[in-house]
>>> print(open('query-v1.json').read())   # JSON, C-alpha atoms
[["chain", "number", "residue", "atom", "x", "y", "z"],
["A", 317, "MET", "CA", 91.40, 143.11, 91.63],
["A", 318, "LYS", "CA", 91.84, 139.94, 89.62],
["A", 319, "ARG", "CA", 92.94, 136.50, 90.71],
["A", 320, "VAL", "CA", 96.04, 135.12, 88.97],
["A", 321, "ALA", "CA", 97.94, 131.86, 89.33],
["A", 322, "LEU", "CA", 101.70, 132.39, 89.35],
["A", 323, "SER", "CA", 102.49, 128.72, 89.91],
["A", 324, "ALA", "CA", 100.76, 125.50, 90.89],
["A", 325, "SER", "CA", 101.48, 126.19, 94.56],
["A", 326, "SER", "CA", 100.32, 129.84, 94.58],
["A", 327, "THR", "CA", 96.74, 129.79, 93.36],
["A", 328, "HIS", "CA", 95.65, 132.45, 95.84],
["A", 329, "VAL", "CA", 97.64, 135.37, 94.41],
["A", 330, "TYR", "CA", 95.83, 138.52, 93.30],
["A", 331, "GLN", "CA", 96.86, 141.45, 91.14],
["A", 332, "CYS", "CA", 95.83, 145.02, 91.81],
["A", 333, "HIS", "CA", 94.93, 147.48, 89.06],
["A", 334, "ASN", "CA", 98.65, 148.26, 88.56],
["A", 335, "SER", "CA", 99.55, 144.55, 88.16],
["A", 336, "HIS", "CA", 101.31, 144.27, 91.54],
["A", 337, "ASN", "CA", 101.14, 140.70, 92.81],
["A", 338, "ILE", "CA", 99.50, 140.40, 96.23],
["A", 339, "CYS", "CA", 99.38, 137.28, 98.38],
["A", 340, "CYS", "CA", 95.61, 137.15, 99.04],
["A", 341, "GLY", "CA", 92.37, 139.08, 98.81],
["A", 342, "VAL", "CA", 92.16, 139.56, 102.60],
["A", 343, "CYS", "CA", 95.28, 141.72, 102.77],
["A", 344, "ALA", "CA", 95.07, 143.00, 99.18],
["A", 345, "SER", "CA", 94.00, 146.56, 99.95],
["A", 346, "MET", "CA", 96.72, 147.07, 102.56],
["A", 347, "LEU", "CA", 99.50, 145.50, 100.54],
["A", 348, "CYS", "CA", 98.46, 147.25, 97.35],
["A", 349, "SER", "CA", 98.72, 150.62, 99.11],
["A", 350, "HIS", "CA", 102.06, 149.56, 100.56],
["A", 351, "LEU", "CA", 103.41, 148.49, 97.17],
["A", 352, "LEU", "CA", 102.13, 151.63, 95.47],
["A", 353, "LEU", "CA", 103.89, 153.80, 98.03],
["A", 354, "ARG", "CA", 107.14, 151.82, 97.87],
["A", 355, "ARG", "CA", 107.17, 151.79, 94.07],
["A", 356, "GLY", "CA", 106.34, 155.49, 93.88],
["A", 357, "CYS", "CA", 103.15, 155.21, 91.83],
["A", 358, "ALA", "CA", 101.65, 158.69, 91.58],
["A", 359, "THR", "CA", 98.12, 157.46, 92.34],
["A", 360, "ALA", "CA", 99.00, 156.64, 95.95],
["A", 361, "SER", "CA", 102.02, 158.72, 96.86],
["A", 362, "SER", "CA", 100.50, 162.04, 95.80],
["A", 363, "ALA", "CA", 97.14, 161.36, 97.49],
["A", 364, "LEU", "CA", 98.37, 160.35, 100.96],
["A", 365, "PRO", "CA", 99.88, 162.81, 103.43],
["A", 366, "LYS", "CA", 103.14, 161.79, 105.10],
["A", 367, "PHE", "CA", 103.21, 161.94, 108.90],
["A", 368, "ASN", "CA", 105.41, 160.78, 111.72],
["A", 369, "ALA", "CA", 104.47, 160.13, 115.35],
["A", 370, "ASN", "CA", 105.67, 163.59, 116.45],
["A", 371, "ASP", "CA", 103.11, 165.36, 114.20],
["A", 372, "TRP", "CA", 100.16, 164.54, 116.47],
["A", 373, "PRO", "CA", 98.76, 166.52, 119.43],
["A", 374, "ARG", "CA", 98.11, 163.33, 121.46],
["A", 375, "VAL", "CA", 100.13, 160.13, 121.28],
["A", 376, "LEU", "CA", 99.32, 156.86, 123.04],
["A", 377, "GLU", "CA", 100.78, 153.38, 122.72],
["A", 378, "VAL", "CA", 98.84, 150.16, 122.19],
["A", 379, "PRO", "CA", 100.74, 146.86, 122.34],
["A", 380, "THR", "CA", 99.95, 144.14, 119.83],
["A", 381, "ARG", "CA", 99.17, 140.58, 120.90],
["A", 382, "ILE", "CA", 100.14, 137.40, 119.12],
["A", 383, "ALA", "CA", 96.43, 136.85, 118.44],
["A", 384, "ASP", "CA", 96.42, 140.07, 116.35],
["A", 385, "ASN", "CA", 98.49, 138.36, 113.63],
["A", 386, "ASP", "CA", 96.66, 136.55, 110.85],
["A", 387, "MET", "CA", 97.60, 133.70, 108.50],
["A", 388, "GLN", "CA", 99.81, 136.01, 106.45],
["A", 389, "GLY", "CA", 101.91, 136.75, 109.54],
["A", 390, "HIS", "CA", 100.95, 140.41, 109.90],
["A", 391, "VAL", "CA", 98.49, 142.24, 112.14],
["A", 392, "ASN", "CA", 95.06, 141.77, 110.57],
["A", 393, "ASN", "CA", 93.53, 144.98, 109.21],
["A", 394, "THR", "CA", 90.46, 144.74, 111.45],
["A", 395, "ASN", "CA", 92.66, 145.09, 114.54],
["A", 396, "TYR", "CA", 93.66, 148.62, 113.53],
["A", 397, "TYR", "CA", 90.07, 149.70, 114.21],
["A", 398, "ALA", "CA", 90.32, 148.24, 117.72],
["A", 399, "PHE", "CA", 93.67, 150.02, 118.27],
["A", 400, "MET", "CA", 92.05, 153.31, 117.17],
["A", 401, "ASP", "CA", 89.04, 152.85, 119.45],
["A", 402, "THR", "CA", 91.23, 151.78, 122.39],
["A", 403, "ALA", "CA", 93.51, 154.81, 122.05],
["A", 404, "ILE", "CA", 90.64, 157.31, 121.83],
["A", 405, "CYS", "CA", 88.79, 155.77, 124.81],
["A", 406, "ARG", "CA", 92.00, 155.62, 126.84],
["A", 407, "MET", "CA", 92.71, 159.26, 126.02],
["A", 408, "PHE", "CA", 89.40, 160.31, 127.60],
["A", 409, "ASP", "CA", 89.91, 157.96, 130.52],
["A", 410, "GLU", "CA", 93.17, 159.84, 131.19],
["A", 411, "ILE", "CA", 91.43, 163.23, 130.83],
["A", 412, "ASP", "CA", 88.51, 162.77, 133.22],
["A", 413, "GLY", "CA", 88.78, 159.22, 134.56],
["A", 414, "SER", "CA", 85.21, 158.31, 133.72],
["A", 415, "PHE", "CA", 82.84, 157.35, 130.98],
["A", 416, "GLU", "CA", 80.21, 159.71, 132.32],
["A", 417, "HIS", "CA", 79.71, 161.29, 128.87],
["A", 418, "PRO", "CA", 78.40, 158.60, 126.49],
["A", 419, "ARG", "CA", 79.50, 158.70, 122.87],
["A", 420, "PHE", "CA", 78.51, 156.64, 119.86],
["A", 421, "VAL", "CA", 80.86, 155.83, 117.04],
["A", 422, "ALA", "CA", 79.12, 157.17, 113.93],
["A", 423, "GLU", "CA", 81.75, 156.50, 111.27],
["A", 424, "THR", "CA", 85.23, 155.07, 110.82],
["A", 425, "SER", "CA", 87.56, 154.63, 107.88],
["A", 426, "MET", "CA", 91.16, 153.53, 107.44],
["A", 427, "LYS", "CA", 93.87, 153.67, 104.78],
["A", 428, "PHE", "CA", 96.39, 150.89, 105.28],
["A", 429, "LEU", "CA", 99.91, 151.94, 104.33],
["A", 430, "SER", "CA", 102.31, 149.33, 105.64],
["A", 431, "PRO", "CA", 102.04, 145.97, 107.44],
["A", 432, "THR", "CA", 103.43, 145.14, 110.87],
["A", 433, "SER", "CA", 103.36, 142.09, 113.10],
["A", 434, "TYR", "CA", 103.52, 141.02, 116.73],
["A", 435, "PRO", "CA", 105.41, 141.92, 118.97],
["A", 436, "GLU", "CA", 105.25, 145.52, 117.69],
["A", 437, "THR", "CA", 103.86, 148.32, 119.85],
["A", 438, "ILE", "CA", 101.58, 150.62, 117.88],
["A", 439, "THR", "CA", 102.11, 154.34, 118.45],
["A", 440, "VAL", "CA", 98.71, 155.98, 117.88],
["A", 441, "GLY", "CA", 98.63, 159.69, 117.07],
["A", 442, "ILE", "CA", 95.30, 161.46, 117.55],
["A", 443, "GLY", "CA", 94.21, 164.88, 116.32],
["A", 444, "VAL", "CA", 90.88, 166.63, 115.76],
["A", 445, "SER", "CA", 90.04, 167.62, 112.19],
["A", 446, "LYS", "CA", 86.51, 168.95, 112.85],
["A", 447, "LEU", "CA", 84.65, 169.90, 115.99],
["A", 448, "GLY", "CA", 80.88, 170.36, 115.99],
["A", 449, "THR", "CA", 78.26, 170.95, 118.68],
["A", 450, "SER", "CA", 77.70, 167.26, 119.45],
["A", 451, "SER", "CA", 80.24, 165.48, 117.25],
["A", 452, "VAL", "CA", 83.97, 165.36, 116.70],
["A", 453, "ILE", "CA", 86.01, 163.97, 113.81],
["A", 454, "TYR", "CA", 89.38, 162.55, 114.82],
["A", 455, "LYS", "CA", 92.28, 161.98, 112.46],
["A", 456, "VAL", "CA", 94.30, 158.99, 113.64],
["A", 457, "GLY", "CA", 97.77, 157.92, 112.50],
["A", 458, "MET", "CA", 99.36, 154.63, 113.52],
["A", 459, "PHE", "CA", 103.07, 153.93, 113.51],
["A", 460, "GLY", "CA", 105.32, 151.03, 114.40],
["A", 461, "LYS", "CA", 107.16, 152.09, 117.56],
["A", 462, "SER", "CA", 110.31, 150.14, 116.70],
["A", 463, "THR", "CA", 110.50, 151.36, 113.09],
["A", 464, "GLY", "CA", 108.70, 154.72, 113.12],
["A", 465, "ARG", "CA", 107.03, 153.58, 109.88],
["A", 466, "GLN", "CA", 103.50, 154.88, 109.27],
["A", 467, "LEU", "CA", 101.12, 151.92, 109.23],
["A", 468, "SER", "CA", 97.75, 153.56, 108.65],
["A", 469, "LEU", "CA", 95.77, 156.77, 108.53],
["A", 470, "GLY", "CA", 92.25, 156.71, 109.95],
["A", 471, "LYS", "CA", 89.12, 158.75, 110.58],
["A", 472, "PHE", "CA", 86.93, 158.27, 113.64],
["A", 473, "VAL", "CA", 83.66, 160.14, 114.31],
["A", 474, "HIS", "CA", 82.20, 160.33, 117.82],
["A", 475, "VAL", "CA", 78.72, 161.71, 118.54],
["A", 476, "TYR", "CA", 77.99, 162.63, 122.16],
["A", 477, "VAL", "CA", 74.58, 161.39, 123.27],
["A", 478, "ASP", "CA", 72.25, 161.79, 126.22],
["A", 479, "LYS", "CA", 72.59, 158.71, 128.42],
["A", 480, "ASN", "CA", 68.81, 158.28, 128.77],
["A", 481, "ASN", "CA", 67.41, 158.83, 125.29],
["A", 482, "HIS", "CA", 70.57, 158.40, 123.15],
["A", 483, "ARG", "CA", 69.86, 161.62, 121.24],
["A", 484, "PRO", "CA", 72.79, 163.90, 120.32],
["A", 485, "THR", "CA", 73.80, 166.26, 123.08],
["A", 486, "PRO", "CA", 76.42, 169.04, 123.23],
["A", 487, "ILE", "CA", 80.01, 168.00, 123.89],
["A", 488, "PRO", "CA", 80.86, 168.76, 127.55],
["A", 489, "ASN", "CA", 83.13, 171.79, 128.01],
["A", 490, "SER", "CA", 85.80, 169.66, 129.74],
["A", 491, "HIS", "CA", 86.10, 167.53, 126.60],
["A", 492, "LYS", "CA", 85.67, 170.40, 124.15],
["A", 493, "SER", "CA", 88.58, 172.32, 125.67],
["A", 494, "VAL", "CA", 90.85, 169.29, 125.21],
["A", 495, "MET", "CA", 89.65, 168.84, 121.62],
["A", 496, "LEU", "CA", 90.30, 172.49, 120.76],
["A", 497, "GLY", "CA", 93.93, 171.93, 121.76],
["A", 498, "MET", "CA", 94.12, 168.96, 119.38],
["A", 499, "MET", "CA", 93.03, 170.67, 116.15],
["A", 500, "MET", "CA", 94.82, 169.59, 112.96],
["A", 501, "PRO", "CA", 94.18, 170.55, 109.32],
["A", 502, "GLY", "CA", 91.67, 168.42, 107.39]]
>>> encode(input="query-v1.json", output="structure tokens")
Amino acid sequence: MKRVALSASSTHVYQCHNSHNICCGVCASMLCSHLLLRRGCATASSALPKFNANDWPRVLEVPTRIADNDMQGHVNNTNYYAFMDTAICRMFDEIDGSFEHPRFVAETSMKFLSPTSYPETITVGIGVSKLGTSSVIYKVGMFGKSTGRQLSLGKFVHVYVDKNNHRPTPIPNSHKSVMLGMMMPG
């Protein structure tokens, strides 16, 4: 990513490796992915699976707030992690109504595909890509409810832990049975 000046008033413009102009370094990774997909560059379009909200075993909605928007006028990338965490926690609150089974977040990642802004409602699709003895890997897709456009594709790893010593513990059967019904490829 290199910084370029397009004019005297736009000294904060960056260019990605394919010479697409991007407004700033903060949103560069998201907008670069978005531009690559829109322009049909093989590097992005062939590597990213295409989904829609109906492809997911569980779907929940998370409203955006005006505070989620950043200076560029779109939802800041960091908020997508909060939307992912909120949807997964809310899913288990709906399943058993408690947080009796503690879990630690061990890993997260996100590919940003398209920007959105307040007042959009985010449709969060959740599936399970791998289920272990004490851990689960969720695949998470986010979509703009009003547009249906895919906004991001994420990975979220939960490790179930003993509430006293915080060591890994087997996933409770009540949760495991739900997860088995949410299996998705890779």
>>> closest_residue(input="query-v1.json", among="A:Met407, A:Ile442, A:Ala422, A:Met495", to="Trp372 of chain A", atoms="all atoms listed in the file")
A:Ile442
>>> atom_distance(input="query-v1.json", atom1="atom CA of Ser468 of chain A", atom2="atom CA of Gly497 of chain A")
22.9 Å
>>> atom_distance(input="query-v1.json", atom1="atom CA of Val391 of chain A", atom2="atom CA of Pro379 of chain A")
11.4 Å
>>> closest_residue(input="query-v1.json", among="A:Val494, A:Met500, A:Met458, A:Leu376", to="Asp412 of chain A", atoms="only C-alpha atoms")
A:Val494
>>> atom_distance(input="query-v1.json", atom1="atom CA of Phe428 of chain A", atom2="atom CA of Ile382 of chain A")
19.7 Å
>>> closest_residue(input="query-v1.json", among="A:Lys479, A:His390, A:His474, A:His417", to="Ser451 of chain A", atoms="only C-alpha atoms")
A:His474
>>> residues_around(input="query-v1.json", residues="Ile411 of chain A", least_positions_apart="4", cutoff="12 Å", atoms="only C-alpha atoms", output="PDB file with C-alpha atoms, in the coordinates of the input")
ATOM      1  CA  ARG A 374      98.110 163.330 121.460  1.00  0.00           C
ATOM      2  CA  ILE A 404      90.640 157.310 121.830  1.00  0.00           C
ATOM      3  CA  CYS A 405      88.790 155.770 124.810  1.00  0.00           C
ATOM      4  CA  ARG A 406      92.000 155.620 126.840  1.00  0.00           C
ATOM      5  CA  MET A 407      92.710 159.260 126.020  1.00  0.00           C
ATOM      6  CA  PHE A 415      82.840 157.350 130.980  1.00  0.00           C
ATOM      7  CA  GLU A 416      80.210 159.710 132.320  1.00  0.00           C
ATOM      8  CA  SER A 490      85.800 169.660 129.740  1.00  0.00           C
ATOM      9  CA  HIS A 491      86.100 167.530 126.600  1.00  0.00           C
ATOM     10  CA  LYS A 492      85.670 170.400 124.150  1.00  0.00           C
ATOM     11  CA  SER A 493      88.580 172.320 125.670  1.00  0.00           C
ATOM     12  CA  VAL A 494      90.850 169.290 125.210  1.00  0.00           C
ATOM     13  CA  MET A 495      89.650 168.840 121.620  1.00  0.00           C
TER      14      MET A 495
END
>>> closest_residue(input="query-v1.json", among="A:Phe472, A:Glu423, A:Ser433, A:Ile453", to="Thr402 of chain A", atoms="all atoms listed in the file")
A:Phe472
>>> closest_residue(input="query-v1.json", among="A:Asn489, A:Ser425, A:Asn385, A:Asn368", to="Gly464 of chain A", atoms="all atoms listed in the file")
A:Asn368
>>> residues_around(input="query-v1.json", residues="Pro486 of chain A", least_positions_apart="5", cutoff="8 Å", atoms="all atoms listed in the file", output="list of chain:residue names")
A:Thr449, A:Ser450, A:Ser451, A:Tyr476, A:Val477
>>> closest_residue(input="query-v1.json", among="A:Gly413, A:Pro431, A:Pro501, A:Gly460", to="Leu447 of chain A", atoms="all atoms listed in the file")
A:Pro501
>>> residues_near_point(input="query-v1.json", point="(102.3, 150.5, 105.9)", cutoff="6 Å", atoms="only C-alpha atoms", output="PyMOL selection string")
chain A and resi 350+428-431+466-467
>>> write_last_selection(input="query-v1.json", atoms="C-alpha atoms", output="PDB file, in the frame of the given file")
ATOM      1  CA  HIS A 350     102.060 149.560 100.560  1.00  0.00           C
ATOM      2  CA  PHE A 428      96.390 150.890 105.280  1.00  0.00           C
ATOM      3  CA  LEU A 429      99.910 151.940 104.330  1.00  0.00           C
ATOM      4  CA  SER A 430     102.310 149.330 105.640  1.00  0.00           C
ATOM      5  CA  PRO A 431     102.040 145.970 107.440  1.00  0.00           C
ATOM      6  CA  GLN A 466     103.500 154.880 109.270  1.00  0.00           C
ATOM      7  CA  LEU A 467     101.120 151.920 109.230  1.00  0.00           C
TER       8      LEU A 467
END
